[in-house]
file target_2.cif (mmCIF, C-alpha atoms)
data_final
#
loop_
_atom_site.label_atom_id
_atom_site.label_comp_id
_atom_site.auth_asym_id
_atom_site.auth_seq_id
_atom_site.Cartn_x
_atom_site.Cartn_y
_atom_site.Cartn_z
CA MET A 6 35.41 113.14 56.33
CA VAL A 7 34.84 112.38 59.98
CA ARG A 8 32.01 109.97 59.14
CA VAL A 9 34.20 107.97 56.74
CA LYS A 10 36.90 107.51 59.35
CA THR A 11 34.30 106.36 61.82
CA LEU A 12 32.94 103.70 59.45
CA ILE A 13 36.44 102.36 58.69
CA ALA A 14 37.26 102.08 62.36
CA ALA A 15 34.01 100.20 63.07
CA ALA A 16 34.63 97.70 60.24
CA ALA A 17 38.17 97.00 61.47
CA ALA A 18 36.87 96.41 64.98
CA ALA A 19 34.28 93.92 63.69
CA LEU A 20 36.91 91.98 61.71
CA VAL A 21 39.27 91.78 64.67
CA GLY A 22 36.44 90.60 66.91
CA ALA A 23 35.41 87.88 64.43
CA ALA A 24 39.02 86.67 64.16
CA ALA A 25 39.33 86.51 67.93
CA HIS A 26 36.09 84.54 68.18
CA ALA A 27 37.25 82.10 65.51
CA ALA A 28 40.56 81.65 67.31
CA HIS A 29 38.75 80.55 70.44
CA MET A 30 36.54 78.05 68.59
CA PRO A 31 37.56 74.35 68.99
CA MET A 32 39.60 72.80 66.18
CA PRO A 33 37.68 70.38 63.97
CA PRO A 34 38.54 66.74 64.62
CA PRO A 35 40.96 65.07 62.18
CA PRO A 36 39.30 63.18 59.34
CA GLN A 37 38.41 59.60 60.15
CA MET A 38 40.50 57.11 58.24
CA PRO A 39 38.44 54.28 56.73
CA MET A 40 38.91 50.96 58.47
CA PRO A 41 41.01 48.63 56.34
CA ILE A 42 39.25 45.61 54.98
CA PRO A 43 40.39 42.49 56.87
CA MET A 44 42.71 40.43 54.71
CA VAL A 45 42.52 36.69 55.20
CA ILE A 46 45.99 35.20 55.24
CA GLU A 47 46.03 31.70 53.83
CA GLN A 48 47.15 29.26 56.44
CA PRO A 49 49.91 26.82 55.63
CA ILE A 50 48.33 23.64 54.33
CA GLY A 51 51.42 21.48 54.06
CA GLY A 52 51.48 18.25 55.97
CA TRP A 53 50.90 14.53 55.93
CA TYR A 54 47.58 12.98 55.00
CA LEU A 55 45.88 9.61 54.83
CA ARG A 56 43.55 8.60 52.04
CA GLY A 57 41.04 5.89 51.27
CA ASP A 58 39.33 5.10 47.96
CA ILE A 59 36.58 2.91 46.60
CA GLY A 60 35.47 2.60 43.00
CA VAL A 61 34.86 0.49 39.93
CA GLY A 62 37.11 -0.31 36.99
CA ILE A 63 36.04 -0.99 33.39
CA GLN A 64 38.74 -3.42 32.26
CA THR A 65 39.91 -4.63 28.90
CA PHE A 66 42.93 -6.12 27.12
CA SER A 67 44.08 -5.57 23.56
CA SER A 68 44.80 -9.18 22.51
CA PHE A 69 44.81 -12.75 23.84
CA ASN A 70 48.10 -14.29 22.70
CA PHE A 71 49.25 -17.88 23.09
CA THR A 72 52.74 -19.26 23.66
CA GLN A 73 53.02 -22.95 22.78
CA THR A 74 55.02 -25.16 25.16
CA ASN A 75 54.52 -28.54 23.40
CA SER A 76 56.40 -28.48 20.10
CA ALA A 77 55.18 -31.97 19.12
CA PHE A 78 51.92 -30.47 17.95
CA VAL A 79 51.55 -27.84 15.28
CA TRP A 80 49.30 -25.01 16.35
CA PRO A 81 46.61 -24.31 13.74
CA SER A 82 47.78 -21.41 11.57
CA SER A 83 44.19 -20.21 11.10
CA TRP A 84 43.62 -19.87 14.84
CA THR A 85 42.28 -16.44 15.69
CA ILE A 86 40.37 -14.78 18.53
CA VAL A 87 36.79 -14.00 17.56
CA GLN A 88 35.51 -12.88 20.95
CA GLN A 89 37.13 -11.59 24.14
CA ASP A 90 35.83 -9.97 27.31
CA LEU A 91 37.02 -8.98 30.78
CA GLN A 92 34.41 -8.04 33.32
CA ASP A 93 34.46 -4.99 35.56
CA THR A 94 36.11 -4.96 38.96
CA THR A 95 35.61 -3.30 42.35
CA ILE A 96 38.50 -1.27 43.75
CA PHE A 97 39.48 -0.85 47.41
CA GLY A 98 42.49 1.33 48.07
CA GLY A 99 44.36 3.47 50.56
CA GLY A 100 47.56 5.39 50.93
CA VAL A 101 49.64 8.01 52.66
CA GLY A 102 50.85 11.27 51.17
CA TYR A 103 52.29 14.70 51.78
CA GLN A 104 50.84 18.09 50.77
CA PHE A 105 53.77 20.39 49.97
CA ASN A 106 51.76 23.56 49.29
CA ASN A 107 48.44 24.61 47.81
CA TRP A 108 49.24 23.18 44.36
CA LEU A 109 51.58 20.18 44.78
CA ARG A 110 51.11 16.91 46.65
CA MET A 111 52.39 13.35 46.40
CA ASP A 112 51.29 10.02 47.79
CA VAL A 113 51.98 6.32 47.76
CA THR A 114 48.93 4.09 47.31
CA GLY A 115 48.00 0.45 47.31
CA GLU A 116 44.77 -1.10 46.07
CA TYR A 117 43.13 -4.44 45.55
CA ARG A 118 41.11 -5.11 42.43
CA THR A 119 38.62 -7.92 42.97
CA LYS A 120 38.32 -11.02 40.80
CA ALA A 121 36.72 -10.49 37.41
CA MET A 122 35.88 -13.25 34.96
CA PHE A 123 37.45 -13.22 31.50
CA LYS A 124 36.57 -15.11 28.36
CA ALA A 125 38.36 -15.50 25.03
CA THR A 126 36.99 -17.57 22.14
CA GLY A 127 39.31 -18.70 19.34
CA SER A 128 38.41 -20.42 16.06
CA TYR A 129 40.37 -22.34 13.44
CA THR A 130 39.71 -24.40 10.34
CA ASN A 131 42.88 -26.33 9.58
CA ASN A 132 43.44 -29.47 11.66
CA CYS A 133 39.82 -29.22 12.76
CA ALA A 134 38.19 -32.59 13.53
CA GLY A 135 35.27 -32.93 11.14
CA GLY A 136 36.66 -30.52 8.54
CA GLY A 137 34.58 -27.52 9.55
CA ILE A 138 35.23 -24.74 12.05
CA CYS A 139 36.45 -25.63 15.51
CA PHE A 140 36.38 -23.40 18.60
CA ASP A 141 38.42 -23.00 21.77
CA ILE A 142 36.71 -21.25 24.70
CA ASN A 143 39.18 -20.06 27.35
CA GLN A 144 37.86 -18.60 30.58
CA GLY A 145 39.02 -17.91 34.11
CA ASN A 146 39.42 -15.14 36.66
CA TYR A 147 41.69 -12.12 36.84
CA SER A 148 42.58 -9.98 39.89
CA ALA A 149 45.38 -7.58 40.77
CA ALA A 150 47.09 -5.71 43.55
CA VAL A 151 48.47 -2.36 42.40
CA PHE A 152 51.07 -0.15 44.09
CA MET A 153 51.69 3.36 42.78
CA ALA A 154 53.67 6.52 43.54
CA ASN A 155 51.57 9.49 42.41
CA VAL A 156 52.06 13.22 41.99
CA TYR A 157 49.17 15.70 41.74
CA PHE A 158 48.90 19.31 40.63
CA ASP A 159 45.98 21.25 42.14
CA LEU A 160 44.76 23.90 39.71
CA GLY A 161 43.14 26.35 42.13
CA THR A 162 40.09 26.46 44.38
CA TRP A 163 36.70 28.01 43.61
CA TRP A 164 33.66 27.63 45.89
CA CYS A 165 35.48 24.87 47.85
CA LEU A 166 36.12 22.88 44.64
CA THR A 167 39.67 22.11 43.49
CA PRO A 168 40.27 20.51 40.08
CA TYR A 169 43.53 18.62 39.67
CA ILE A 170 45.53 16.36 37.38
CA GLY A 171 47.85 13.55 38.39
CA PHE A 172 50.29 10.92 37.16
CA GLY A 173 51.67 7.78 38.72
CA LEU A 174 54.20 4.99 38.23
CA GLY A 175 54.40 1.64 39.94
CA GLY A 176 53.70 -2.04 39.58
CA ALA A 177 50.75 -4.39 39.26
CA TYR A 178 50.81 -7.86 40.80
CA ASN A 179 48.46 -9.64 38.39
CA THR A 180 46.92 -13.05 39.13
CA ILE A 181 45.18 -15.43 36.70
CA THR A 182 43.20 -18.19 38.40
CA SER A 183 41.00 -21.15 37.38
CA ILE A 184 41.75 -20.94 33.66
CA GLN A 185 40.34 -23.71 31.52
CA ASP A 186 40.04 -24.45 27.79
CA THR A 187 37.02 -26.13 26.24
CA GLY A 188 37.42 -27.27 22.62
CA ILE A 189 34.33 -27.67 20.39
CA ASN A 190 34.94 -29.64 17.23
CA SER A 191 32.74 -29.58 14.15
CA SER A 192 32.52 -33.38 14.37
CA GLY A 193 30.62 -33.05 17.66
CA THR A 194 33.46 -34.15 19.91
CA ASN A 195 34.83 -31.90 22.61
CA GLY A 196 38.23 -31.34 24.14
CA PHE A 197 39.07 -29.99 27.57
CA GLY A 198 42.14 -28.58 29.26
CA TYR A 199 42.95 -26.56 32.33
CA ALA A 200 45.87 -25.15 34.33
CA ALA A 201 46.73 -27.16 37.39
CA THR A 202 48.01 -24.02 39.18
CA ASN A 203 47.33 -20.32 39.28
CA ASN A 204 49.87 -17.81 38.06
CA SER A 205 50.86 -14.41 39.42
CA SER A 206 53.33 -12.02 37.85
CA LEU A 207 54.56 -8.48 38.45
CA SER A 208 54.21 -5.98 35.63
CA PHE A 209 55.11 -2.33 35.24
CA ALA A 210 52.04 -0.10 35.68
CA TRP A 211 51.32 3.57 35.13
CA ASN A 212 48.34 5.90 35.33
CA ALA A 213 47.02 9.32 34.33
CA GLN A 214 44.30 11.01 36.37
CA LEU A 215 42.04 13.98 36.56
CA GLY A 216 39.68 14.79 39.38
CA LEU A 217 37.80 17.23 41.53
CA THR A 218 38.24 17.72 45.28
CA TYR A 219 35.53 19.10 47.55
CA ASN A 220 37.12 20.81 50.56
CA VAL A 221 34.83 20.09 53.49
CA ASN A 222 37.32 21.91 55.73
CA ASN A 223 41.08 22.33 56.01
CA ASN A 224 41.50 18.75 57.19
CA PHE A 225 38.83 16.69 55.48
CA LYS A 226 38.43 16.47 51.71
CA VAL A 227 36.34 14.37 49.32
CA ASP A 228 37.85 13.26 46.01
CA PHE A 229 36.05 12.45 42.75
CA ASN A 230 38.58 10.79 40.47
CA PHE A 231 38.76 9.47 36.90
CA ARG A 232 41.85 7.44 36.06
CA TYR A 233 43.34 5.53 33.15
CA LEU A 234 45.42 2.65 34.50
CA ASN A 235 47.72 0.42 32.46
CA LEU A 236 48.32 -2.89 34.25
CA GLY A 237 50.86 -4.45 31.93
CA SER A 238 50.46 -7.85 30.26
CA PRO A 239 49.64 -10.62 32.77
CA GLN A 240 50.16 -14.27 31.88
CA SER A 241 48.34 -17.46 32.77
CA ALA A 242 49.76 -20.77 33.92
CA ILE A 243 50.29 -23.51 31.33
CA VAL A 244 47.04 -25.10 30.15
CA GLU A 245 47.30 -28.88 29.62
CA CYS A 246 44.83 -31.02 27.62
CA GLN A 247 43.17 -33.76 29.65
CA ASN A 248 41.60 -36.21 27.22
CA THR A 249 44.03 -36.42 24.32
CA THR A 250 47.75 -36.80 23.95
CA THR A 251 47.88 -34.76 20.76
CA CYS A 252 46.70 -31.52 22.34
CA PRO A 253 49.26 -28.72 22.50
CA SER A 254 50.18 -27.10 25.80
CA ALA A 255 50.33 -23.32 26.02
CA PHE A 256 50.07 -20.32 28.32
CA TYR A 257 48.23 -17.15 27.41
CA THR A 258 49.15 -13.46 27.65
CA PHE A 259 46.60 -10.71 28.22
CA LYS A 260 48.32 -8.05 26.13
CA ASP A 261 48.10 -4.43 27.41
CA THR A 262 45.52 -4.92 30.12
CA SER A 263 44.06 -1.57 31.11
CA SER A 264 41.18 -0.07 33.03
CA LEU A 265 39.11 3.10 33.16
CA ASP A 266 38.54 3.70 36.86
CA PHE A 267 35.93 5.84 38.58
CA ARG A 268 36.71 6.35 42.28
CA ILE A 269 35.50 8.30 45.29
CA GLY A 270 38.17 9.04 47.85
CA PHE A 271 38.54 10.66 51.26
CA ARG A 272 41.61 12.50 52.50
CA TRP A 273 42.42 13.36 56.11
CA LEU A 274 45.10 16.04 56.36
CA PHE A 275 47.06 16.34 59.60
CA GLN A 276 47.90 19.83 60.85
CA SER A 277 51.43 20.68 59.80
CA GLU A 278 52.32 22.43 63.04
CA GLY A 279 50.73 19.76 65.23
CA GLY A 280 52.12 16.68 63.60
CA VAL A 281 50.17 13.45 63.57
CA GLY A 282 47.42 13.62 66.14
CA VAL A 283 43.75 14.27 66.60
CA MET A 284 42.35 16.05 63.57
CA SER A 285 39.95 18.93 63.96
CA MET A 286 36.73 18.45 62.00
CA LEU A 287 35.91 22.17 62.31
CA ALA A 288 37.32 24.73 59.91
CA PRO A 289 39.91 26.87 61.72
CA GLN A 290 39.21 30.56 62.13
CA PRO A 291 40.84 32.76 59.49
CA VAL A 292 43.94 34.65 60.51
CA PHE A 293 43.54 38.37 59.88
CA ALA A 294 46.42 40.68 59.04
CA PRO A 295 47.29 43.05 61.92
CA GLN A 296 45.68 46.48 61.79
CA PRO A 297 48.05 49.24 60.64
CA VAL A 298 49.48 51.48 63.37
CA TYR A 299 48.57 55.07 62.64
CA ALA A 300 50.83 57.99 63.70
CA PRO A 301 49.42 59.95 66.69
CA GLN A 302 47.60 63.14 65.91
CA PRO A 303 49.86 66.24 66.19
CA ALA A 304 49.51 68.31 69.35
CA TYR A 305 48.36 71.75 68.31
CA ALA A 306 49.78 74.82 70.12
CA PRO A 307 47.19 76.69 72.24
CA GLN A 308 45.63 79.67 70.57
CA PRO A 309 47.20 83.01 71.61
CA ALA A 310 45.21 85.12 74.03
CA TYR A 311 44.38 88.34 72.28
CA ALA A 312 44.23 91.66 74.21
CA PRO A 313 40.69 93.01 74.60
CA GLN A 314 39.64 95.55 72.07
CA PRO A 315 40.10 99.16 73.22
CA LEU A 316 37.01 101.10 74.12
CA TYR A 317 36.74 104.03 71.83
CA ALA A 318 35.54 107.39 73.28
CA PRO A 319 32.43 108.77 71.63
CA GLN A 320 33.09 111.50 69.14
CA GLN A 321 32.37 115.04 70.45
CA TYR A 322 31.04 117.08 67.58
CA ALA A 323 31.01 120.91 67.67
CA PRO A 324 27.52 122.42 67.68
CA ALA A 325 26.27 123.70 64.40
CA PRO A 326 26.89 127.39 63.95
CA GLN A 327 23.96 129.74 64.49
CA TYR A 328 23.36 131.69 61.38
CA VAL A 329 22.45 135.47 61.65
CA PRO A 330 19.20 136.31 59.85
CA ALA A 331 19.58 138.29 56.69
CA PRO A 332 19.41 142.10 57.11
CA GLN A 333 16.21 143.87 56.22
CA TYR A 334 16.85 146.23 53.38
CA ALA A 335 15.00 149.60 53.16
CA PRO A 336 12.47 149.88 50.32
CA ALA A 337 13.61 151.55 47.17
CA PRO A 338 13.11 155.31 47.15
CA GLN A 339 10.20 156.72 45.24
CA TYR A 340 11.40 158.97 42.56
CA ALA A 341 9.32 162.16 41.73
CA PRO A 342 7.87 162.35 38.20
CA PRO A 343 9.78 164.51 35.83
CA LEU A 344 8.77 168.17 35.44
CA PRO A 345 7.03 169.25 32.25
CA PRO A 346 9.16 171.13 29.80
CA LEU A 347 9.32 174.85 30.00
CA GLN A 348 7.28 176.70 27.52
CA SER A 349 9.18 179.26 25.44
CA ARG A 350 8.33 182.81 25.54
CA GLY A 351 7.13 184.20 22.56
#
call {"tool": "encode", "arguments": {"input": "target_2.cif", "output": "structure tokens"}}
result
Amino acid sequence: MVRVKTLIAAAAAALVGAAAHAAHMPMPPPPQMPMPIPMVIEQPIGGWYLRGDIGVGIQTFSSFNFTQTNSAFVWPSSWTIVQQDLQDTTIFGGGVGYQFNNWLRMDVTGEYRTKAMFKATGSYTNNCAGGGICFDINQGNYSAAVFMANVYFDLGTWWCLTPYIGFGLGGAYNTITSIQDTGINSSGTNGFGYAATNNSSLSFAWNAQLGLTYNVNNNFKVDFNFRYLNLGSPQSAIVECQNTTTCPSAFYTFKDTSSLDFRIGFRWLFQSEGGVGVMSMLAPQPVFAPQPVYAPQPAYAPQPAYAPQPLYAPQQYAPAPQYVPAPQYAPAPQYAPPLPPLQSRG
């Protein structure tokens, strides 16, 4: 029983000592919070910009109509256009605009479309000298100055590329110059007429666009643009015959003149906060979101100082009792053999 109590007391002392040692060990550091991933905040991109464009236009018109001005001559009823053509043009343009946000912008543009030669060949059979088929070959030059107000919708940016669509309304100042009419009769004779003046007229114009912008940096962008442009219906000056008094006078209308334009443009965006000034050609550094402020680590109370373990006195055991040796017993007595029986007397 004494041994069991001793073992229990020793185990309790070991547990208390281990707890005291653990109490004096340093506390583990708090777990490290992962660093937040820097978040790039998109800078405001609103502001004014300048633009310049250069390109080519594939031009055409739907019909070449005449309007007679000399009623003394009957225009041939069989007269019809058998061939018409308007050559391509070179486009030089520029403008100023405003970027409202990362998907909407507007600008006002002006452009000059260089002179392009046109040709329209008409034929007729009635009233033809010689009784066969006669021809009228009309040719001259066409040019235009176009002024538009445009709105664009940017559709998002991937790998510095921004697709967009756009629409515009405005006017086209169309000019027809050096128009002349050469008549070829089946009889072999020729007629000739021309307009003594040039004619310019203002027509309503509109466009629809789609394009792709390459963002070189926040200020400088390169535009690749495809545009359908309707230029209205320009008119020529009156063409007068020169070698006959029976020739009708007329002016001509280029019905629904239009162009498919392919342009390359450059845009210079001014910093919105800096106003108009020197533009930085280097991409600005991204603005990172501020790091979160973490709460300070709690101050832990100092560990209590435990009293030293008591020193136990060694157990004093009583000496084992001395046992008395067993007594020596005397040997068993030797019994005498029994006496023989008495013999009877006779």
call {"tool": "residues_around", "arguments": {"input": "target_2.cif", "residues": "Thr194 (chain A)", "least_positions_apart": "6", "cutoff": "10 Å", "atoms": "all atoms listed in the file", "output": "PyMOL selection string"}}
result
chain A and resi 134-135+188
call {"tool": "resolve_selection", "arguments": {"input": "target_2.cif", "expression": "the PyMOL selection byres ((chain A and resi 52-60) around 10)", "output": "PDB file with C-alpha atoms, in the frame of the given file"}}
result
ATOM      1  CA  PRO A  49      49.910  26.820  55.630  1.00  0.00           C
ATOM      2  CA  ILE A  50      48.330  23.640  54.330  1.00  0.00           C
ATOM      3  CA  GLY A  51      51.420  21.480  54.060  1.00  0.00           C
ATOM      4  CA  VAL A  61      34.860   0.490  39.930  1.00  0.00           C
ATOM      5  CA  GLY A  62      37.110  -0.310  36.990  1.00  0.00           C
ATOM      6  CA  THR A  94      36.110  -4.960  38.960  1.00  0.00           C
ATOM      7  CA  THR A  95      35.610  -3.300  42.350  1.00  0.00           C
ATOM      8  CA  ILE A  96      38.500  -1.270  43.750  1.00  0.00           C
ATOM      9  CA  PHE A  97      39.480  -0.850  47.410  1.00  0.00           C
ATOM     10  CA  GLY A  98      42.490   1.330  48.070  1.00  0.00           C
ATOM     11  CA  GLY A  99      44.360   3.470  50.560  1.00  0.00           C
ATOM     12  CA  GLY A 100      47.560   5.390  50.930  1.00  0.00           C
ATOM     13  CA  VAL A 101      49.640   8.010  52.660  1.00  0.00           C
ATOM     14  CA  GLY A 102      50.850  11.270  51.170  1.00  0.00           C
ATOM     15  CA  TYR A 103      52.290  14.700  51.780  1.00  0.00           C
ATOM     16  CA  GLN A 104      50.840  18.090  50.770  1.00  0.00           C
ATOM     17  CA  PHE A 105      53.770  20.390  49.970  1.00  0.00           C
ATOM     18  CA  ASN A 106      51.760  23.560  49.290  1.00  0.00           C
ATOM     19  CA  ARG A 110      51.110  16.910  46.650  1.00  0.00           C
ATOM     20  CA  MET A 111      52.390  13.350  46.400  1.00  0.00           C
ATOM     21  CA  ASP A 112      51.290  10.020  47.790  1.00  0.00           C
ATOM     22  CA  VAL A 113      51.980   6.320  47.760  1.00  0.00           C
ATOM     23  CA  THR A 114      48.930   4.090  47.310  1.00  0.00           C
ATOM     24  CA  GLY A 115      48.000   0.450  47.310  1.00  0.00           C
ATOM     25  CA  GLU A 116      44.770  -1.100  46.070  1.00  0.00           C
ATOM     26  CA  TYR A 117      43.130  -4.440  45.550  1.00  0.00           C
ATOM     27  CA  ARG A 118      41.110  -5.110  42.430  1.00  0.00           C
ATOM     28  CA  ASN A 224      41.500  18.750  57.190  1.00  0.00           C
ATOM     29  CA  PHE A 225      38.830  16.690  55.480  1.00  0.00           C
ATOM     30  CA  LYS A 226      38.430  16.470  51.710  1.00  0.00           C
ATOM     31  CA  VAL A 227      36.340  14.370  49.320  1.00  0.00           C
ATOM     32  CA  ASP A 228      37.850  13.260  46.010  1.00  0.00           C
ATOM     33  CA  PHE A 229      36.050  12.450  42.750  1.00  0.00           C
ATOM     34  CA  ASN A 230      38.580  10.790  40.470  1.00  0.00           C
ATOM     35  CA  PHE A 231      38.760   9.470  36.900  1.00  0.00           C
ATOM     36  CA  ASP A 266      38.540   3.700  36.860  1.00  0.00           C
ATOM     37  CA  PHE A 267      35.930   5.840  38.580  1.00  0.00           C
ATOM     38  CA  ARG A 268      36.710   6.350  42.280  1.00  0.00           C
ATOM     39  CA  ILE A 269      35.500   8.300  45.290  1.00  0.00           C
ATOM     40  CA  GLY A 270      38.170   9.040  47.850  1.00  0.00           C
ATOM     41  CA  PHE A 271      38.540  10.660  51.260  1.00  0.00           C
ATOM     42  CA  ARG A 272      41.610  12.500  52.500  1.00  0.00           C
ATOM     43  CA  TRP A 273      42.420  13.360  56.110  1.00  0.00           C
ATOM     44  CA  LEU A 274      45.100  16.040  56.360  1.00  0.00           C
ATOM     45  CA  PHE A 275      47.060  16.340  59.600  1.00  0.00           C
ATOM     46  CA  GLN A 276      47.900  19.830  60.850  1.00  0.00           C
ATOM     47  CA  SER A 277      51.430  20.680  59.800  1.00  0.00           C
ATOM     48  CA  GLU A 278      52.320  22.430  63.040  1.00  0.00           C
ATOM     49  CA  GLY A 279      50.730  19.760  65.230  1.00  0.00           C
ATOM     50  CA  GLY A 280      52.120  16.680  63.600  1.00  0.00           C
ATOM     51  CA  VAL A 281      50.170  13.450  63.570  1.00  0.00           C
TER      52      VAL A 281
END
call {"tool": "residues_near_point", "arguments": {"input": "target_2.cif", "point": "(35.7, 18.9, 48.1)", "cutoff": "8 Å", "atoms": "only C-alpha atoms", "output": "short mmCIF file (atom, residue, chain, number, x, y, z; two decimals) with C-alpha atoms, in the coordinates of the input"}}
result
data_model
loop_
_atom_site.label_atom_id
_atom_site.label_comp_id
_atom_site.auth_asym_id
_atom_site.auth_seq_id
_atom_site.Cartn_x
_atom_site.Cartn_y
_atom_site.Cartn_z
CA CYS A 165 35.48 24.87 47.85
CA LEU A 166 36.12 22.88 44.64
CA THR A 167 39.67 22.11 43.49
CA LEU A 217 37.80 17.23 41.53
CA THR A 218 38.24 17.72 45.28
CA TYR A 219 35.53 19.10 47.55
CA ASN A 220 37.12 20.81 50.56
CA VAL A 221 34.83 20.09 53.49
CA LYS A 226 38.43 16.47 51.71
CA VAL A 227 36.34 14.37 49.32
CA ASP A 228 37.85 13.26 46.01
#
call {"tool": "resolve_selection", "arguments": {"input": "target_2.cif", "expression": "the PyMOL selection byres ((chain A and resi 147-152) around 8)", "output": "PDB file with C-alpha atoms, in the frame of the given file"}}
result
ATOM      1  CA  VAL A 113      51.980   6.320  47.760  1.00  0.00           C
ATOM      2  CA  THR A 114      48.930   4.090  47.310  1.00  0.00           C
ATOM      3  CA  GLY A 115      48.000   0.450  47.310  1.00  0.00           C
ATOM      4  CA  GLU A 116      44.770  -1.100  46.070  1.00  0.00           C
ATOM      5  CA  TYR A 117      43.130  -4.440  45.550  1.00  0.00           C
ATOM      6  CA  ARG A 118      41.110  -5.110  42.430  1.00  0.00           C
ATOM      7  CA  THR A 119      38.620  -7.920  42.970  1.00  0.00           C
ATOM      8  CA  LYS A 120      38.320 -11.020  40.800  1.00  0.00           C
ATOM      9  CA  ALA A 121      36.720 -10.490  37.410  1.00  0.00           C
ATOM     10  CA  MET A 122      35.880 -13.250  34.960  1.00  0.00           C
ATOM     11  CA  PHE A 123      37.450 -13.220  31.500  1.00  0.00           C
ATOM     12  CA  GLY A 145      39.020 -17.910  34.110  1.00  0.00           C
ATOM     13  CA  ASN A 146      39.420 -15.140  36.660  1.00  0.00           C
ATOM     14  CA  MET A 153      51.690   3.360  42.780  1.00  0.00           C
ATOM     15  CA  ALA A 154      53.670   6.520  43.540  1.00  0.00           C
ATOM     16  CA  GLY A 175      54.400   1.640  39.940  1.00  0.00           C
ATOM     17  CA  GLY A 176      53.700  -2.040  39.580  1.00  0.00           C
ATOM     18  CA  ALA A 177      50.750  -4.390  39.260  1.00  0.00           C
ATOM     19  CA  TYR A 178      50.810  -7.860  40.800  1.00  0.00           C
ATOM     20  CA  ASN A 179      48.460  -9.640  38.390  1.00  0.00           C
ATOM     21  CA  THR A 180      46.920 -13.050  39.130  1.00  0.00           C
ATOM     22  CA  ILE A 181      45.180 -15.430  36.700  1.00  0.00           C
ATOM     23  CA  THR A 182      43.200 -18.190  38.400  1.00  0.00           C
ATOM     24  CA  ALA A 210      52.040  -0.100  35.680  1.00  0.00           C
TER      25      ALA A 210
END
call {"tool": "resolve_selection", "arguments": {"input": "target_2.cif", "expression": "the PyMOL selection byres ((chain A and resi 184) around 10)", "output": "PyMOL selection string"}}
result
chain A and resi 122-124+143-147+181-183+185-186+198-204+241-244+256-257
call {"tool": "atom_distance", "arguments": {"input": "target_2.cif", "atom1": "CA of Thr262 (chain A)", "atom2": "CA of Thr72 (chain A)"}}
result
17.3 Å
call {"tool": "closest_residue", "arguments": {"input": "target_2.cif", "among": "A:Pro313, A:Gly196, A:Pro81, A:Pro307", "to": "Asn132 (chain A)", "atoms": "all atoms listed in the file"}}
result
A:Pro81
call {"tool": "atom_distance", "arguments": {"input": "target_2.cif", "atom1": "CA of Tyr169 (chain A)", "atom2": "CA of Gly216 (chain A)"}}
result
5.4 Å
